[in-house]
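Chemist: work-v6.txt is reproduced in full below (compact mmCIF, C-alpha atoms).
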# COMPACT_ATOMS: atom_id res chain seq x y z
CA MET A 32 -18.97 -101.66 -116.33
CA ARG A 33 -20.91 -103.80 -118.77
CA THR A 34 -21.04 -103.30 -122.51
CA ASN A 35 -23.05 -105.88 -124.40
CA LYS A 36 -26.07 -106.14 -126.64
CA THR A 37 -28.32 -107.36 -123.85
CA GLU A 38 -27.73 -104.20 -121.83
CA LEU A 39 -28.37 -102.08 -124.91
CA PHE A 40 -31.62 -103.92 -125.64
CA HIS A 41 -32.92 -103.38 -122.11
CA SER A 42 -31.87 -99.74 -122.11
CA LEU A 43 -33.56 -99.03 -125.44
CA PHE A 44 -36.77 -100.73 -124.37
CA ARG A 45 -36.85 -98.84 -121.08
CA THR A 46 -36.34 -95.57 -122.93
CA PHE A 47 -39.18 -96.37 -125.31
CA ILE A 48 -41.57 -97.26 -122.48
CA LEU A 49 -40.65 -94.27 -120.33
CA PHE A 50 -41.25 -91.88 -123.25
CA SER A 51 -44.50 -93.64 -124.25
CA PHE A 52 -46.35 -92.93 -121.01
CA PRO A 53 -45.87 -89.11 -120.86
CA LEU A 54 -46.39 -88.75 -124.61
CA TYR A 55 -49.64 -90.71 -124.49
CA MET A 56 -50.88 -88.74 -121.47
CA ALA A 57 -49.87 -85.45 -123.09
CA ASN A 58 -51.85 -86.40 -126.20
CA LEU A 59 -54.93 -87.12 -124.07
CA ILE A 60 -54.65 -83.68 -122.48
CA LYS A 61 -54.11 -81.92 -125.82
CA THR A 62 -57.05 -83.62 -127.55
CA GLY A 63 -59.36 -83.28 -124.54
CA HIS A 64 -59.82 -87.05 -124.35
CA ILE A 65 -58.48 -86.96 -120.81
CA GLU A 66 -62.09 -86.15 -119.87
CA TYR A 67 -62.98 -89.79 -120.55
CA TYR A 68 -60.84 -90.86 -117.62
CA ILE A 69 -60.49 -88.17 -114.95
CA ALA A 70 -62.35 -85.18 -113.56
CA PRO A 71 -61.29 -81.74 -114.87
CA ARG A 72 -59.97 -80.71 -111.46
CA MET A 73 -57.40 -83.52 -111.68
CA VAL A 74 -55.95 -82.45 -115.05
CA ASP A 75 -53.36 -80.13 -113.48
CA TYR A 76 -52.00 -82.98 -111.39
CA VAL A 77 -51.77 -85.20 -114.47
CA THR A 78 -49.96 -82.41 -116.34
CA TRP A 79 -47.28 -82.22 -113.65
CA THR A 80 -47.04 -86.02 -113.70
CA VAL A 81 -46.36 -85.84 -117.45
CA VAL A 82 -43.52 -83.38 -116.80
CA ALA A 83 -42.00 -85.63 -114.12
CA LEU A 84 -42.23 -88.76 -116.28
CA PHE A 85 -40.69 -86.90 -119.21
CA LEU A 86 -37.69 -85.93 -117.07
CA VAL A 87 -37.26 -89.54 -115.99
CA ALA A 88 -37.44 -90.61 -119.64
CA LEU A 89 -34.75 -88.06 -120.56
CA TYR A 90 -32.47 -89.46 -117.89
CA GLN A 91 -32.98 -92.99 -119.22
CA CYS A 92 -32.35 -91.72 -122.75
CA ASN A 93 -29.04 -90.27 -121.58
CA LEU A 94 -28.03 -93.67 -120.17
CA THR A 95 -28.93 -95.33 -123.47
CA LEU A 96 -26.91 -92.86 -125.53
CA THR A 97 -23.98 -93.32 -123.18
CA LEU A 98 -24.10 -97.07 -123.70
CA LEU A 99 -24.58 -96.75 -127.46
CA PHE A 100 -21.80 -94.26 -128.26
CA SER A 101 -19.25 -94.48 -125.47
CA LYS A 102 -19.52 -98.26 -125.16
CA SER A 103 -19.65 -97.97 -121.41
CA TYR A 104 -22.56 -98.23 -119.04
CA VAL A 105 -22.09 -97.68 -115.34
CA THR A 106 -24.49 -99.54 -113.09
CA CYS A 107 -25.37 -98.57 -109.56
CA ASP A 108 -24.36 -102.04 -108.28
CA CYS A 109 -27.80 -102.49 -106.72
CA GLU A 110 -29.79 -105.71 -106.62
CA HIS A 111 -31.98 -104.98 -109.64
CA SER A 112 -30.01 -106.27 -112.58
CA ALA A 113 -31.77 -106.91 -115.89
CA PRO A 114 -33.29 -110.38 -116.43
CA LYS A 115 -30.75 -112.76 -117.91
CA SER A 116 -33.38 -114.65 -119.91
CA TRP A 117 -34.85 -113.05 -123.08
CA LEU A 118 -38.21 -114.59 -122.24
CA LYS A 119 -38.26 -113.06 -118.77
CA GLY A 120 -37.17 -109.70 -120.15
CA ILE A 121 -39.85 -109.60 -122.84
CA SER A 122 -42.52 -110.78 -120.37
CA LEU A 123 -41.54 -108.00 -117.98
CA TYR A 124 -41.71 -105.26 -120.59
CA ILE A 125 -45.03 -106.53 -121.96
CA LEU A 126 -46.59 -105.66 -118.60
CA PHE A 127 -45.66 -102.01 -119.24
CA ALA A 128 -46.40 -102.07 -122.96
CA LEU A 129 -49.94 -103.45 -122.62
CA PRO A 130 -51.48 -100.29 -121.06
CA ILE A 131 -49.94 -98.17 -123.82
CA ALA A 132 -51.18 -100.56 -126.52
CA ALA A 133 -54.67 -100.60 -124.98
CA GLY A 134 -54.76 -96.81 -124.94
CA LEU A 135 -53.63 -96.55 -128.56
CA PHE A 136 -55.79 -99.24 -130.12
CA LEU A 137 -58.95 -99.27 -127.98
CA PRO A 138 -61.43 -96.43 -128.58
CA ASN A 139 -62.20 -93.79 -125.98
CA THR A 140 -65.80 -94.46 -124.97
CA VAL A 141 -68.28 -92.80 -122.62
CA LEU A 142 -69.50 -94.85 -119.68
CA GLY A 143 -73.25 -95.40 -119.88
CA SER A 144 -75.87 -98.09 -119.34
CA SER A 145 -73.24 -100.84 -119.18
CA MET A 146 -71.98 -99.35 -115.93
CA VAL A 147 -75.53 -99.19 -114.56
CA SER A 148 -75.85 -102.92 -115.23
CA GLN A 149 -72.71 -103.57 -113.21
CA ARG A 150 -73.06 -101.11 -110.32
CA GLY A 151 -76.75 -100.25 -110.17
CA ILE A 152 -78.01 -96.69 -110.14
CA ASN A 153 -78.42 -94.07 -107.44
CA LEU A 154 -81.87 -92.47 -107.58
CA THR A 155 -81.34 -90.04 -104.70
CA GLY A 156 -78.69 -87.87 -106.34
CA SER A 157 -76.16 -88.39 -103.57
CA ASN A 158 -74.38 -91.01 -101.47
CA PHE A 159 -76.76 -90.83 -98.56
CA SER A 160 -79.97 -92.87 -98.33
CA LEU A 161 -83.38 -91.26 -98.03
CA SER A 162 -84.08 -93.11 -94.83
CA ALA A 163 -80.87 -91.86 -93.25
CA SER A 164 -81.44 -88.33 -94.47
CA SER A 165 -84.65 -87.94 -92.48
CA THR A 166 -82.62 -87.82 -89.25
CA GLN A 167 -81.55 -84.26 -88.55
CA ASN A 168 -78.07 -83.46 -87.32
CA ALA A 169 -78.35 -82.21 -83.74
CA SER A 170 -75.27 -80.02 -84.13
CA ILE A 171 -76.87 -77.76 -86.74
CA PRO A 172 -80.04 -75.63 -86.60
CA ASN A 173 -83.39 -77.11 -87.62
CA SER A 174 -84.10 -74.48 -90.27
CA ILE A 175 -82.52 -71.79 -92.40
CA ASP A 176 -83.58 -68.35 -91.21
CA THR A 177 -83.04 -66.27 -94.34
CA VAL A 178 -83.84 -66.78 -97.97
CA THR A 179 -83.69 -64.46 -100.95
CA ASN A 180 -86.67 -64.33 -103.28
CA GLN A 181 -86.61 -64.09 -107.07
CA SER A 182 -86.33 -60.31 -107.14
CA GLY A 183 -83.26 -60.36 -104.89
CA SER A 184 -85.01 -58.80 -101.88
CA THR A 185 -85.96 -60.52 -98.64
CA ASP A 186 -89.35 -60.73 -97.00
CA SER A 187 -89.50 -61.93 -93.40
CA SER A 188 -92.94 -63.55 -93.69
CA THR A 189 -91.92 -65.33 -96.90
CA ASN A 190 -88.64 -66.37 -95.33
CA GLU A 191 -90.31 -67.88 -92.31
CA GLU A 192 -92.92 -69.72 -94.35
CA ILE A 193 -90.40 -71.23 -96.75
CA ALA A 194 -87.88 -72.02 -94.01
CA LYS A 195 -90.46 -74.21 -92.27
CA LYS A 196 -90.71 -76.30 -95.42
CA PHE A 197 -86.94 -76.90 -95.47
CA PRO A 198 -85.67 -78.09 -92.09
CA VAL A 199 -81.99 -78.97 -92.22
CA ARG A 200 -81.43 -82.60 -93.17
CA VAL A 201 -77.94 -84.02 -93.62
CA MET A 202 -76.37 -80.57 -94.28
CA ALA A 203 -77.56 -76.98 -94.44
CA SER A 204 -76.38 -76.58 -98.05
CA TYR A 205 -79.13 -78.91 -99.28
CA ALA A 206 -81.78 -76.88 -97.46
CA LYS A 207 -80.45 -73.62 -98.91
CA LEU A 208 -80.40 -74.99 -102.43
CA GLY A 209 -83.84 -76.51 -101.93
CA MET A 210 -85.28 -73.11 -101.00
CA ARG A 211 -83.74 -71.49 -104.07
CA LEU A 212 -85.13 -74.21 -106.31
CA TYR A 213 -88.53 -73.95 -104.63
CA GLN A 214 -88.82 -70.30 -105.65
CA GLN A 215 -88.02 -70.96 -109.30
CA PRO A 216 -91.00 -71.35 -111.66
CA SER A 217 -89.15 -74.15 -113.44
CA ILE A 218 -86.11 -76.20 -112.36
CA ASP A 219 -83.40 -76.78 -114.95
CA VAL A 220 -81.01 -79.41 -113.60
CA PRO A 221 -77.54 -78.05 -114.49
CA ASP A 222 -74.50 -80.19 -115.17
CA ASN A 223 -72.38 -78.35 -112.59
CA LYS A 224 -74.87 -79.10 -109.78
CA TYR A 225 -76.52 -82.23 -111.13
CA MET A 226 -76.09 -84.42 -108.05
CA GLU A 227 -76.65 -81.57 -105.59
CA THR A 228 -79.88 -80.53 -107.31
CA LEU A 229 -81.29 -84.05 -107.36
CA SER A 230 -80.24 -84.52 -103.73
CA SER A 231 -82.06 -81.39 -102.59
CA ILE A 232 -85.21 -82.30 -104.49
CA SER A 233 -85.13 -85.85 -103.13
CA LEU A 234 -84.66 -84.68 -99.53
CA TYR A 235 -87.65 -82.33 -99.76
CA LEU A 236 -89.62 -84.21 -102.40
CA GLU A 237 -93.07 -83.32 -101.05
CA ASN A 238 -92.32 -79.60 -101.55
CA PHE A 239 -91.59 -80.07 -105.25
CA ILE A 240 -94.39 -82.37 -106.40
CA GLY A 241 -96.14 -80.77 -109.37
CA LYS A 242 -93.27 -78.40 -110.13
CA GLU A 243 -91.83 -78.27 -113.67
CA ILE A 244 -88.35 -79.68 -114.21
CA LYS A 245 -86.00 -80.11 -117.15
CA ILE A 246 -83.24 -82.70 -117.25
CA LYS A 247 -81.06 -84.48 -119.80
CA GLY A 248 -79.12 -87.72 -119.86
CA PHE A 249 -78.93 -91.22 -121.32
CA VAL A 250 -81.68 -93.85 -121.22
CA TYR A 251 -81.55 -96.94 -119.05
CA PRO A 252 -84.53 -99.34 -118.86
CA ASP A 253 -86.29 -99.73 -115.51
CA ASN A 254 -85.45 -103.17 -114.12
CA ASN A 255 -88.49 -103.27 -111.81
CA GLY A 256 -90.65 -104.73 -114.56
CA ASN A 257 -92.50 -101.47 -115.25
CA ASN A 258 -92.79 -101.25 -119.01
CA ASN A 259 -94.15 -97.71 -118.73
CA GLN A 260 -91.06 -96.43 -116.95
CA PHE A 261 -87.44 -95.91 -117.81
CA ILE A 262 -84.51 -94.14 -116.16
CA ILE A 263 -82.62 -91.16 -117.49
CA GLY A 264 -79.18 -91.02 -115.99
CA ARG A 265 -75.73 -89.51 -115.89
CA ILE A 266 -72.40 -90.84 -114.69
CA GLY A 267 -71.04 -88.95 -111.69
CA VAL A 268 -67.25 -88.85 -111.34
CA ASN A 269 -65.40 -87.62 -108.29
CA CYS A 270 -61.72 -88.00 -109.27
CA CYS A 271 -61.58 -90.59 -112.05
CA THR A 272 -63.76 -93.16 -113.76
CA ALA A 273 -62.64 -95.78 -111.22
CA ASP A 274 -64.94 -94.08 -108.66
CA ALA A 275 -67.71 -93.35 -111.17
CA THR A 276 -71.30 -93.83 -109.98
CA PRO A 277 -74.48 -93.76 -112.11
CA TYR A 278 -77.14 -91.28 -110.97
CA GLY A 279 -80.61 -91.01 -112.44
CA VAL A 280 -84.31 -90.24 -112.30
CA ILE A 281 -87.29 -92.46 -113.10
CA ILE A 282 -89.35 -91.25 -116.06
CA GLU A 283 -92.98 -92.30 -116.47
CA ASN A 284 -93.35 -93.12 -120.15
CA THR A 285 -97.01 -92.43 -120.84
CA GLY A 286 -96.62 -92.53 -124.62
CA THR A 287 -96.22 -95.42 -127.01
CA MET A 288 -92.66 -94.56 -128.04
CA SER A 289 -89.84 -96.67 -126.62
CA TYR A 290 -86.24 -95.56 -126.27
CA SER A 291 -83.22 -97.79 -126.61
CA LYS A 292 -80.41 -97.89 -124.07
CA ASP A 293 -77.89 -95.04 -124.16
CA THR A 294 -80.16 -92.79 -126.23
CA TRP A 295 -79.64 -89.22 -125.05
CA LEU A 296 -82.82 -87.28 -124.23
CA SER A 297 -83.82 -83.86 -122.97
CA ILE A 298 -86.98 -84.17 -120.87
CA THR A 299 -89.35 -81.51 -119.59
CA GLY A 300 -92.09 -82.56 -117.20
CA THR A 301 -93.55 -82.31 -113.72
CA ILE A 302 -92.13 -83.75 -110.52
CA SER A 303 -93.91 -86.68 -108.95
CA LYS A 304 -92.86 -89.61 -106.79
CA THR A 305 -92.86 -93.37 -106.97
CA LYS A 306 -91.60 -96.36 -105.00
CA PHE A 307 -88.16 -97.86 -105.57
CA ASN A 308 -86.82 -100.49 -103.17
CA ASN A 309 -89.66 -99.57 -100.80
CA GLU A 310 -88.62 -95.92 -100.65
CA ASP A 311 -90.22 -92.81 -102.13
CA VAL A 312 -88.05 -91.49 -104.95
CA LEU A 313 -88.29 -88.72 -107.50
CA MET A 314 -90.19 -89.45 -110.70
CA ILE A 315 -90.86 -87.17 -113.65
CA LYS A 316 -94.06 -87.20 -115.69
CA PRO A 317 -92.86 -85.83 -119.02
CA SER A 318 -94.70 -83.21 -121.04
CA SER A 319 -92.07 -83.25 -123.79
CA ILE A 320 -89.23 -85.61 -124.72
CA GLU A 321 -86.60 -84.53 -127.20
CA ASN A 322 -83.86 -86.68 -128.70
CA ILE A 323 -80.47 -85.00 -128.43
CA SER A 324 -77.01 -85.95 -129.63
CA LYS A 325 -74.57 -87.56 -127.25
CA PRO A 326 -72.28 -84.72 -126.18
CA ASP A 327 -68.70 -84.66 -127.41
CA SER A 328 -67.67 -83.36 -123.99
CA GLY A 329 -69.39 -82.78 -120.69
CA PHE A 330 -70.91 -86.27 -120.69
CA TYR A 331 -70.02 -86.83 -117.02
CA VAL A 332 -71.13 -84.77 -114.05
CA TYR A 333 -68.93 -83.82 -111.10
CA PRO A 334 -69.52 -82.70 -107.50
CA ASP A 335 -69.54 -78.95 -107.02
CA PRO A 336 -66.40 -78.26 -104.93
CA ASN A 337 -67.93 -75.09 -103.46
CA PHE A 338 -71.32 -76.54 -102.58
CA PHE A 339 -70.58 -77.21 -98.90
CA ALA A 340 -68.52 -74.06 -98.35
CA SER A 341 -71.38 -72.24 -96.65
CA SER A 342 -72.56 -75.19 -94.53
Before we go any further, please render this structure as structure tokens.

Modeler:
Amino acid sequence: MRTNKTELFHSLFRTFILFSFPLYMANLIKTGHIEYYIAPRMVDYVTWTVVALFLVALYQCNLTLTLLFSKSYVTCDCEHSAPKSWLKGISLYILFALPIAAGLFLPNTVLGSSMVSQRGINLTGSNFSLSASSTQNASIPNSIDTVTNQSGSTDSSTNEEIAKKFPVRVMASYAKLGMRLYQQPSIDVPDNKYMETLSSISLYLENFIGKEIKIKGFVYPDNNGNNNQFIIGRIGVNCCTADATPYGVIIENTGTMSYSKDTWLSITGTISKTKFNNEDVLMIKPSSIENISKPDSGFYVYPDPNFFASS
């Protein structure tokens, strides 16, 4: 048994650090700021992690109180004794304190054009390339046989005609979504299927040229030297911001107005195409551009977990 001030110092510091992590994470969940860092589907896992860390902190608190009031502290006699040097001890605990300090004193910010500058931007709406997507998977059929029209009924002649326009490329889900979008008078790109919608349009781009589309996102200048073009994008997150990827669409700016980086816009226009890295990609010729406020939540987009269920 050891009972000295050094042991008490280490025990108090460990208790403080172990309580800091779950309390900070719990505050992020309560305020909704957890959305800046992880996808909503991961919040439940983080919540259980908070509970586990809190239990560990309570155990360490019990050890500290034992040392403080009973003047005895039983070690496990393992090879992980506290550093004997104050400098080593403080240096060790700073490694744990820095993340907490960064979280408390640095603002929660939305990823935007700065990430595009670092990672580039995906203009296909998915992780596959347009060149690769033109090769059909031999294990799946070449077309979708049924499609439901706007009224909810099916028409065999309409089905056959539309199905020919949407042979299966990559996966059947993209063809099915493409057919549904094709029948809509105007395409509104939703947040819950942002990447899937852009992917389907990009895969079957020729079918959608001239069709009206509405999309929103932040502005990023086109780096190809085209002063009359800019990119409107969103940040796609799978699990957390560590795997975040910028997705976007080229906008042909036919007007004289310029838009600064990270300005949020809602754009309505018609679908066209242009060249990017020697590939045909989606481009929108806007009929109206509206400035909108940066959203307080919902600034990232996430893959639809049910999208491939029917593939």

Chemist: Which residues are near Glu321 in chain A? Cut-off 8 Å, only C-alpha atoms, ignore same chain within fewer than 3 positions. Put them as an NGL selection string.

Modeler: :A and (296-298)

Chemist: When you look at Pro53 in chain A with a cut-off of 6 Å (counting all atoms listed in the file), what residues show up, excluding the ones that are within fewer than 2 positions of it in the same chain? I need them as an NGL selection string.

Modeler: :A and (50-51 or 55-57 or 81 or 84-85)

Chemist: Write a file of the selected residues as a short mmCIF file (atom, residue, chain, number, x, y, z; two decimals), keeping the file's coordinate frame, keeping C-alpha atoms.

Modeler:
data_model
loop_
_atom_site.label_atom_id
_atom_site.label_comp_id
_atom_site.auth_asym_id
_atom_site.auth_seq_id
_atom_site.Cartn_x
_atom_site.Cartn_y
_atom_site.Cartn_z
CA PHE A 50 -41.25 -91.88 -123.25
CA SER A 51 -44.50 -93.64 -124.25
CA TYR A 55 -49.64 -90.71 -124.49
CA MET A 56 -50.88 -88.74 -121.47
CA ALA A 57 -49.87 -85.45 -123.09
CA VAL A 81 -46.36 -85.84 -117.45
CA LEU A 84 -42.23 -88.76 -116.28
CA PHE A 85 -40.69 -86.90 -119.21
#

Chemist: Give as a ChimeraX atom specification every residue, naming chains and numbers as the document does, that has an atom within 12 Å of (-74.3, -99.9, -117.6), counting only C-alpha atoms.

Modeler: /A:141-152,249-252,262,264-266,275-278,292-293

Chemist: Take the residues from that selection and write them out as a short mmCIF file (atom, residue, chain, number, x, y, z; two decimals), in the frame of the given file, keeping C-alpha atoms.

Modeler:
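The resulting file, result.cif, is shown below:
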data_model
loop_
_atom_site.label_atom_id
_atom_site.label_comp_id
_atom_site.auth_asym_id
_atom_site.auth_seq_id
_atom_site.Cartn_x
_atom_site.Cartn_y
_atom_site.Cartn_z
CA VAL A 141 -68.28 -92.80 -122.62
CA LEU A 142 -69.50 -94.85 -119.68
CA GLY A 143 -73.25 -95.40 -119.88
CA SER A 144 -75.87 -98.09 -119.34
CA SER A 145 -73.24 -100.84 -119.18
CA MET A 146 -71.98 -99.35 -115.93
CA VAL A 147 -75.53 -99.19 -114.56
CA SER A 148 -75.85 -102.92 -115.23
CA GLN A 149 -72.71 -103.57 -113.21
CA ARG A 150 -73.06 -101.11 -110.32
CA GLY A 151 -76.75 -100.25 -110.17
CA ILE A 152 -78.01 -96.69 -110.14
CA PHE A 249 -78.93 -91.22 -121.32
CA VAL A 250 -81.68 -93.85 -121.22
CA TYR A 251 -81.55 -96.94 -119.05
CA PRO A 252 -84.53 -99.34 -118.86
CA ILE A 262 -84.51 -94.14 -116.16
CA GLY A 264 -79.18 -91.02 -115.99
CA ARG A 265 -75.73 -89.51 -115.89
CA ILE A 266 -72.40 -90.84 -114.69
CA ALA A 275 -67.71 -93.35 -111.17
CA THR A 276 -71.30 -93.83 -109.98
CA PRO A 277 -74.48 -93.76 -112.11
CA TYR A 278 -77.14 -91.28 -110.97
CA LYS A 292 -80.41 -97.89 -124.07
CA ASP A 293 -77.89 -95.04 -124.16
#

Chemist: Rank nothing, just name the residue among A:Asn269, A:Gln260, A:Ser42, A:Ser233 nearest to Asn93 in chain A, using only C-alpha atoms.

Modeler: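 For Asn93 in chain A, the nearest of the candidates is A:Ser42.
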
Chemist: Would you work out the distance separating CA of Ile60 in chain A from CA of Tyr331 in chain A, expressed in Å to one decimal?

Modeler: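 One can read the CA of Ile60 in chain A to CA of Tyr331 in chain A distance as 16.6 Å.
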
Chemist: Between CA of Tyr333 in chain A and CA of Leu59 in chain A, what distance in Å does the model show, to one decimal?

Modeler: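 Straight-line distance from CA of Tyr333 in chain A to CA of Leu59 in chain A works out to 19.4 Å.
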